[in-house]
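Asker: My structure is below; once you've seen it, I'll send some questions.
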Amino acid sequence: MTLWRPVPVLDTAPLPGALPLAGGPLRFDRVEVLERGRAPQVVPPSEVPGTVLDRLTAPRPPFAALSLDRPRIMGIVNVTPDSFSDGGRFLDPAAAAAQGRRLAAAGAELLDIGGESTRPGAAEVPEAEETARILPVIAALRDGPPISVDTRKAGVARAALASGAAAVNDVTALTHDAAMASVVAQAGVPVVLMHMRGTPETMQDDPRYDDVVQDVYAWLADRIVAAEAAGIPRSAIAVDPGIGFGKTGDHNLALIRRLSVFHGLGCAVMLGASRKRFVGTIGGADRPEDRMPGSVAVALAGAAQGAQILRVHDVAETRQALALWRAIWTGGTA
Ligand code: HH2
């Protein structure tokens with residue numbers, strides 16, 4: 001497949017003929033043409049097919065009532081005993097709710113609440129247990145920022161939406177549970193479709209791709225078609241390349257470097273790299289809780305590729321970095 005990647009410009013100089021990237025603050029006046037097995041070419045936007053150009057430039061509709069005209073911060077609340085970076089800290093509902101309130105006060109514009117770890121090697125949690133973990137937390141936080149429920153199970157999503165969640169974040173892009181697509185469609189809520197190769201149990205066993213950007217793009221494009229067929233409009237979908245989900249460090253870097261290509265899918269783009277292993281490997285931080293600076297650097301790299309939703313643990317630090325980034329490069333204040 002030919003992919004057209006807008007090359008975002010982070011500069012305030014006049015750029016005649018530049019186009020807005022997905023209606024956001026970034027612009028582009030060159031497009032990288034990516035084809036399997038061939039060296040990339042760079043062309044002006046005038047050489048991009050009209051339908052693709054429309055998708056690359058059109059503003060994205062709000063996600064759970066949150067406008068996407070600038071990068072937004074999604075704060076992570078893991079109500080689990082075993083999440084890779086904060087497992088066990090927020091298993092108690094009161095502790096999880098307090099963490100959600102802290103993240104909201106620190107600047108989280110969305111809260112992603114999950115009751116099942118999807119770290120490499122993690123085993124599946126029974127539906128009743130996952131639901132019991134998150135419902136009291138959602139109920140306690142429903143008056144704050146919009147909540148997405150991080151689950152691959154339809155029953156959990158249904159219960160979470162009934163308790164006040166406003167979106168679904170499915171790390172299997174509706175492939176794990178055949179009933180998930182209809183739950184999302186019937187509720188009329190937005191959904192995050194994330195790419196994963198394999199299952200959390202097995203995904204890091206020697207992941208290989210022919211061309212990781214092409215393969216992830218094609219897979220997400222198929223999942224969007226499947227979601228649309230189930231009654232979920234493209235305007236309600238955000239896509240996420242799934243950093244660390246069946247990927248080596250090099251795969252992660254390739255996807256982040258070329259993240260803006262995913263705007264060609266016509267959906268909001270989400271990036272979740274916070275505290276992940278490659279941040280520690282490259283940044284020299286063994287413990288996940290020591291990976292904040294590297295995670296902030298990756299979040300800014302995502303913003304520079306026009307990502308609209310940044311999923312992070314360290315909300316206050318990301319917010320501060322993003323505020324400076326916006327003030328310098330886009331003239332906006334946070
Ligand atoms: N990463 C994790 C979980 N959910 N959802 C999306 N859309 N994108 C991601 O990158 C993503 C995700 C893993 O991080 P975390 O929730 O902190 O860990 P765990 O799965 O161990 O609970």
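Ordering of the structure tokens sets the chain letters (A, B, ...); residue numbers start at 1 within each chain; ligands are numbered from 1 in the order shown.
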Run DSSP on the backbone and tell me which residues of region 11-256 of chain A come out as helix (DSSP H, G or I); list them as a PyMOL selection string.

Answerer: chain A and resi 45-47+50-57+93-106+127-141+154-162+180-187+212-229+234-236+249-256

Asker: Do a neighbour search on region 64-70 of chain A at 6 Å with only C-alpha atoms, toss out local chain neighbours closer than 5 positions, and write the hits as a ChimeraX atom specification.

Answerer: /A:24,166,308

Asker: Residues within 6 Å of ligand 1 (only C-alpha atoms and all ligand atoms), as an MDAnalysis selection string?

Answerer: chainID A and resid 78 83:84 117:119 169 171 192 194 240 242:243 272:273

Asker: Can you write just those residues out, N, CA and C atoms, as a compact mmCIF listing (two decimals), in the first residue's frame?

Answerer:
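Below is the file out.txt, written as the result:
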# COMPACT_ATOMS: atom_id res chain seq x y z
N ASN A 78 -4.58 2.60 37.01
CA ASN A 78 -4.55 1.13 36.94
C ASN A 78 -5.05 0.53 38.25
N SER A 83 0.06 -4.15 37.40
CA SER A 83 0.47 -3.33 36.25
C SER A 83 1.98 -3.12 36.31
N PHE A 84 2.59 -2.92 35.12
CA PHE A 84 4.05 -2.98 35.09
C PHE A 84 4.71 -1.84 35.85
N SER A 117 -4.17 -5.78 33.87
CA SER A 117 -2.88 -5.43 33.28
C SER A 117 -2.73 -6.12 31.92
N THR A 118 -2.15 -5.40 30.98
CA THR A 118 -1.84 -6.01 29.68
C THR A 118 -0.34 -5.99 29.45
N ARG A 119 0.41 -5.94 30.57
CA ARG A 119 1.87 -5.96 30.44
C ARG A 119 2.30 -7.30 29.83
N ASN A 169 -11.44 2.08 25.59
CA ASN A 169 -10.08 1.92 25.08
C ASN A 169 -9.80 0.42 25.03
N VAL A 171 -7.39 -2.47 23.81
CA VAL A 171 -6.04 -2.74 23.30
C VAL A 171 -6.04 -3.86 22.26
N VAL A 192 -11.04 3.68 21.27
CA VAL A 192 -9.64 3.62 20.84
C VAL A 192 -9.38 2.23 20.30
N MET A 194 -6.43 -0.08 19.28
CA MET A 194 -4.97 -0.16 19.40
C MET A 194 -4.45 -1.40 18.70
N ASP A 240 -4.27 3.84 17.66
CA ASP A 240 -3.07 3.85 18.51
C ASP A 240 -2.16 2.73 18.01
N GLY A 242 0.06 1.14 19.48
CA GLY A 242 0.32 0.09 20.47
C GLY A 242 1.79 -0.08 20.78
N ILE A 243 2.39 0.97 21.29
CA ILE A 243 3.82 0.92 21.62
C ILE A 243 4.06 -0.18 22.67
N GLY A 272 0.71 5.91 23.47
CA GLY A 272 0.90 5.48 24.85
C GLY A 272 2.28 4.86 25.00
N ALA A 273 3.24 5.66 25.42
CA ALA A 273 4.61 5.14 25.54
C ALA A 273 5.10 5.25 26.98

Asker: Between A:Arg275, A:Arg326, A:Arg319, A:Leu110, which one has atoms that come closest to Asp86 (chain A), using only C-alpha atoms?

Answerer: A:Arg275

Asker: When you count only C-alpha atoms, which of these residues is closest to Val261 (chain A): A:Pro16, A:Val33, A:Thr172, A:Gln320?

Answerer: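 Among the listed residues, the smallest separation from Val261 (chain A) belongs to A:Val33.
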
Asker: Find the residues near Leu220 (chain A): any atom within 8 Å, counting only C-alpha atoms, skip ones fewer than 5 places away on the same chain, and give them as a list of chain:residue names.

Answerer: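 Counting only the stated atoms, we get A:Leu193, A:Met194, A:His195, A:Val239.
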
Asker: Quick one: DSSP strand (DSSP E) residues in region 144-289 of chain A, as a PDB file with N, CA, C and O atoms, in the first residue's frame?

Answerer:
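Written file, part-v8.pdb:
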ATOM      1  N   ILE A 147     -14.116   9.829  31.278  1.00  0.00           N
ATOM      2  CA  ILE A 147     -13.433   8.574  31.610  1.00  0.00           C
ATOM      3  C   ILE A 147     -13.498   7.628  30.424  1.00  0.00           C
ATOM      4  O   ILE A 147     -14.560   7.436  29.826  1.00  0.00           O
ATOM      5  N   SER A 148     -12.356   7.025  30.093  1.00  0.00           N
ATOM      6  CA  SER A 148     -12.383   5.885  29.174  1.00  0.00           C
ATOM      7  C   SER A 148     -12.103   4.646  29.990  1.00  0.00           C
ATOM      8  O   SER A 148     -11.343   4.684  30.966  1.00  0.00           O
ATOM      9  N   VAL A 149     -12.744   3.551  29.589  1.00  0.00           N
ATOM     10  CA  VAL A 149     -12.488   2.287  30.278  1.00  0.00           C
ATOM     11  C   VAL A 149     -11.527   1.475  29.423  1.00  0.00           C
ATOM     12  O   VAL A 149     -11.755   1.263  28.237  1.00  0.00           O
ATOM     13  N   ASP A 150     -10.414   1.076  30.053  1.00  0.00           N
ATOM     14  CA  ASP A 150      -9.380   0.317  29.351  1.00  0.00           C
ATOM     15  C   ASP A 150      -9.691  -1.162  29.536  1.00  0.00           C
ATOM     16  O   ASP A 150      -9.353  -1.752  30.568  1.00  0.00           O
ATOM     17  N   ALA A 167     -16.061   6.571  27.093  1.00  0.00           N
ATOM     18  CA  ALA A 167     -15.337   6.035  25.933  1.00  0.00           C
ATOM     19  C   ALA A 167     -14.762   4.676  26.309  1.00  0.00           C
ATOM     20  O   ALA A 167     -14.634   4.340  27.496  1.00  0.00           O
ATOM     21  N   VAL A 168     -14.404   3.913  25.272  1.00  0.00           N
ATOM     22  CA  VAL A 168     -13.794   2.592  25.480  1.00  0.00           C
ATOM     23  C   VAL A 168     -12.410   2.592  24.846  1.00  0.00           C
ATOM     24  O   VAL A 168     -12.231   3.067  23.718  1.00  0.00           O
ATOM     25  N   ASN A 169     -11.444   2.077  25.587  1.00  0.00           N
ATOM     26  CA  ASN A 169     -10.081   1.915  25.081  1.00  0.00           C
ATOM     27  C   ASN A 169      -9.803   0.419  25.025  1.00  0.00           C
ATOM     28  O   ASN A 169      -9.623  -0.214  26.063  1.00  0.00           O
ATOM     29  N   ASP A 170      -9.796  -0.131  23.817  1.00  0.00           N
ATOM     30  CA  ASP A 170      -9.656  -1.584  23.662  1.00  0.00           C
ATOM     31  C   ASP A 170      -8.302  -1.893  23.016  1.00  0.00           C
ATOM     32  O   ASP A 170      -8.100  -1.630  21.820  1.00  0.00           O
ATOM     33  N   VAL A 191     -14.208   5.180  20.641  1.00  0.00           N
ATOM     34  CA  VAL A 191     -13.416   3.998  20.987  1.00  0.00           C
ATOM     35  C   VAL A 191     -11.984   4.168  20.481  1.00  0.00           C
ATOM     36  O   VAL A 191     -11.758   4.757  19.427  1.00  0.00           O
ATOM     37  N   VAL A 192     -11.044   3.675  21.271  1.00  0.00           N
ATOM     38  CA  VAL A 192      -9.644   3.625  20.836  1.00  0.00           C
ATOM     39  C   VAL A 192      -9.383   2.226  20.300  1.00  0.00           C
ATOM     40  O   VAL A 192      -9.619   1.237  21.002  1.00  0.00           O
ATOM     41  N   LEU A 193      -8.900   2.154  19.059  1.00  0.00           N
ATOM     42  CA  LEU A 193      -8.496   0.882  18.464  1.00  0.00           C
ATOM     43  C   LEU A 193      -6.976   0.840  18.489  1.00  0.00           C
ATOM     44  O   LEU A 193      -6.310   1.638  17.824  1.00  0.00           O
ATOM     45  N   MET A 194      -6.431  -0.078  19.282  1.00  0.00           N
ATOM     46  CA  MET A 194      -4.971  -0.164  19.404  1.00  0.00           C
ATOM     47  C   MET A 194      -4.450  -1.399  18.700  1.00  0.00           C
ATOM     48  O   MET A 194      -5.109  -2.452  18.700  1.00  0.00           O
ATOM     49  N   ILE A 237     -13.652   7.094  16.219  1.00  0.00           N
ATOM     50  CA  ILE A 237     -12.528   6.176  16.430  1.00  0.00           C
ATOM     51  C   ILE A 237     -11.222   6.949  16.603  1.00  0.00           C
ATOM     52  O   ILE A 237     -10.943   7.895  15.864  1.00  0.00           O
ATOM     53  N   ALA A 238     -10.440   6.545  17.596  1.00  0.00           N
ATOM     54  CA  ALA A 238      -9.041   6.987  17.693  1.00  0.00           C
ATOM     55  C   ALA A 238      -8.174   5.753  17.464  1.00  0.00           C
ATOM     56  O   ALA A 238      -8.546   4.647  17.862  1.00  0.00           O
ATOM     57  N   VAL A 239      -7.050   5.939  16.797  1.00  0.00           N
ATOM     58  CA  VAL A 239      -6.150   4.812  16.536  1.00  0.00           C
ATOM     59  C   VAL A 239      -4.864   4.987  17.331  1.00  0.00           C
ATOM     60  O   VAL A 239      -4.437   6.108  17.624  1.00  0.00           O
ATOM     61  N   ASP A 240      -4.266   3.845  17.663  1.00  0.00           N
ATOM     62  CA  ASP A 240      -3.072   3.849  18.514  1.00  0.00           C
ATOM     63  C   ASP A 240      -2.159   2.727  18.008  1.00  0.00           C
ATOM     64  O   ASP A 240      -2.615   1.582  17.899  1.00  0.00           O
ATOM     65  N   ALA A 268      -8.564  10.349  15.104  1.00  0.00           N
ATOM     66  CA  ALA A 268      -7.623  10.900  16.076  1.00  0.00           C
ATOM     67  C   ALA A 268      -6.515   9.876  16.310  1.00  0.00           C
ATOM     68  O   ALA A 268      -6.735   8.667  16.180  1.00  0.00           O
ATOM     69  N   VAL A 269      -5.320  10.377  16.627  1.00  0.00           N
ATOM     70  CA  VAL A 269      -4.177   9.491  16.867  1.00  0.00           C
ATOM     71  C   VAL A 269      -3.790   9.574  18.341  1.00  0.00           C
ATOM     72  O   VAL A 269      -3.661  10.666  18.908  1.00  0.00           O
ATOM     73  N   MET A 270      -3.628   8.399  18.939  1.00  0.00           N
ATOM     74  CA  MET A 270      -3.249   8.333  20.355  1.00  0.00           C
ATOM     75  C   MET A 270      -1.885   7.668  20.475  1.00  0.00           C
ATOM     76  O   MET A 270      -1.550   6.782  19.686  1.00  0.00           O
ATOM     77  N   LEU A 271      -1.113   8.098  21.465  1.00  0.00           N
ATOM     78  CA  LEU A 271       0.201   7.493  21.709  1.00  0.00           C
ATOM     79  C   LEU A 271       0.320   7.154  23.195  1.00  0.00           C
ATOM     80  O   LEU A 271       0.088   8.008  24.056  1.00  0.00           O
TER      81      LEU A 271
END

Asker: Between A:Gly266, A:Asp112, A:Arg257, A:Arg277, which one has atoms that come closest to Ala301 (chain A), using only C-alpha atoms?

Answerer: A:Arg257

Asker: Could you list, as a PyMOL selection string, every residue within 7 Å of Arg197 (chain A), counting only C-alpha atoms and ignoring same-chain residues fewer than 2 positions away?

Answerer: chain A and resi 195+199+203+245-246

Asker: Keeping only N, CA, C and O atoms, write those residues as a compact mmCIF listing (two decimals), in the first residue's frame.

Answerer:
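Written file, result03.txt:
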# COMPACT_ATOMS: atom_id res chain seq x y z
N HIS A 195 -3.27 -1.28 18.12
CA HIS A 195 -2.64 -2.43 17.48
C HIS A 195 -1.88 -3.26 18.49
O HIS A 195 -1.10 -2.73 19.29
N THR A 199 -1.09 -11.88 21.96
CA THR A 199 -1.78 -11.56 23.21
C THR A 199 -0.72 -11.13 24.23
O THR A 199 0.46 -11.41 24.04
N MET A 203 3.04 -11.74 23.39
CA MET A 203 3.35 -10.74 22.36
C MET A 203 4.83 -10.35 22.25
O MET A 203 5.27 -9.91 21.19
N PHE A 245 3.45 -3.35 22.42
CA PHE A 245 2.55 -4.50 22.33
C PHE A 245 2.95 -5.37 21.14
O PHE A 245 2.46 -5.18 20.02
N GLY A 246 3.85 -6.30 21.37
CA GLY A 246 4.34 -7.13 20.28
C GLY A 246 5.31 -6.35 19.40
O GLY A 246 5.25 -6.44 18.18

Asker: Find the residues of region 139-234 of chain A that sit at most 7 Å from region 93-108 of chain A; for each, write down the nearest two atoms and how far apart they are in Å, to one decimal. Count only C-alpha atoms. Sort by chain, then by number going up, and give it as a tab-separated table.

Answerer:
residue	atom	partner	partner_atom	distance
A:Ala140	CA	A:Ala97	CA	6.2
A:Leu141	CA	A:Ala97	CA	6.3
A:Pro145	CA	A:Ala104	CA	6.7

Asker: Would you put the residues from that selection into a file with N, CA, C and O atoms, as a CSV table (one decimal), in the first residue's frame?

Answerer:
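Contents of result-v6.csv, freshly written:
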chain,number,residue,atom,x,y,z
A,140,ALA,N,-16.8,6.9,41.6
A,140,ALA,CA,-16.3,8.0,42.4
A,140,ALA,C,-15.7,9.1,41.6
A,140,ALA,O,-15.6,10.3,42.0
A,141,LEU,N,-15.3,8.8,40.3
A,141,LEU,CA,-14.7,9.9,39.5
A,141,LEU,C,-15.6,10.4,38.4
A,141,LEU,O,-15.1,11.2,37.6
A,145,PRO,N,-13.0,14.7,34.8
A,145,PRO,CA,-12.8,14.6,33.4
A,145,PRO,C,-13.4,13.4,32.8
A,145,PRO,O,-13.7,12.4,33.5

Asker: Looking at only C-alpha atoms, which of A:Gly331, A:Gly115, A:Pro120, A:Pro233 is the one that sits closest to Leu135 (chain A)?

Answerer: A:Gly115

Asker: For Leu19 (chain A), please output as JSON, numbers by chain all residues within 8 Å (counting only C-alpha atoms; exclusion window: fewer than 4 positions along the same chain).

Answerer: {"A": [27, 28, 29, 57]}
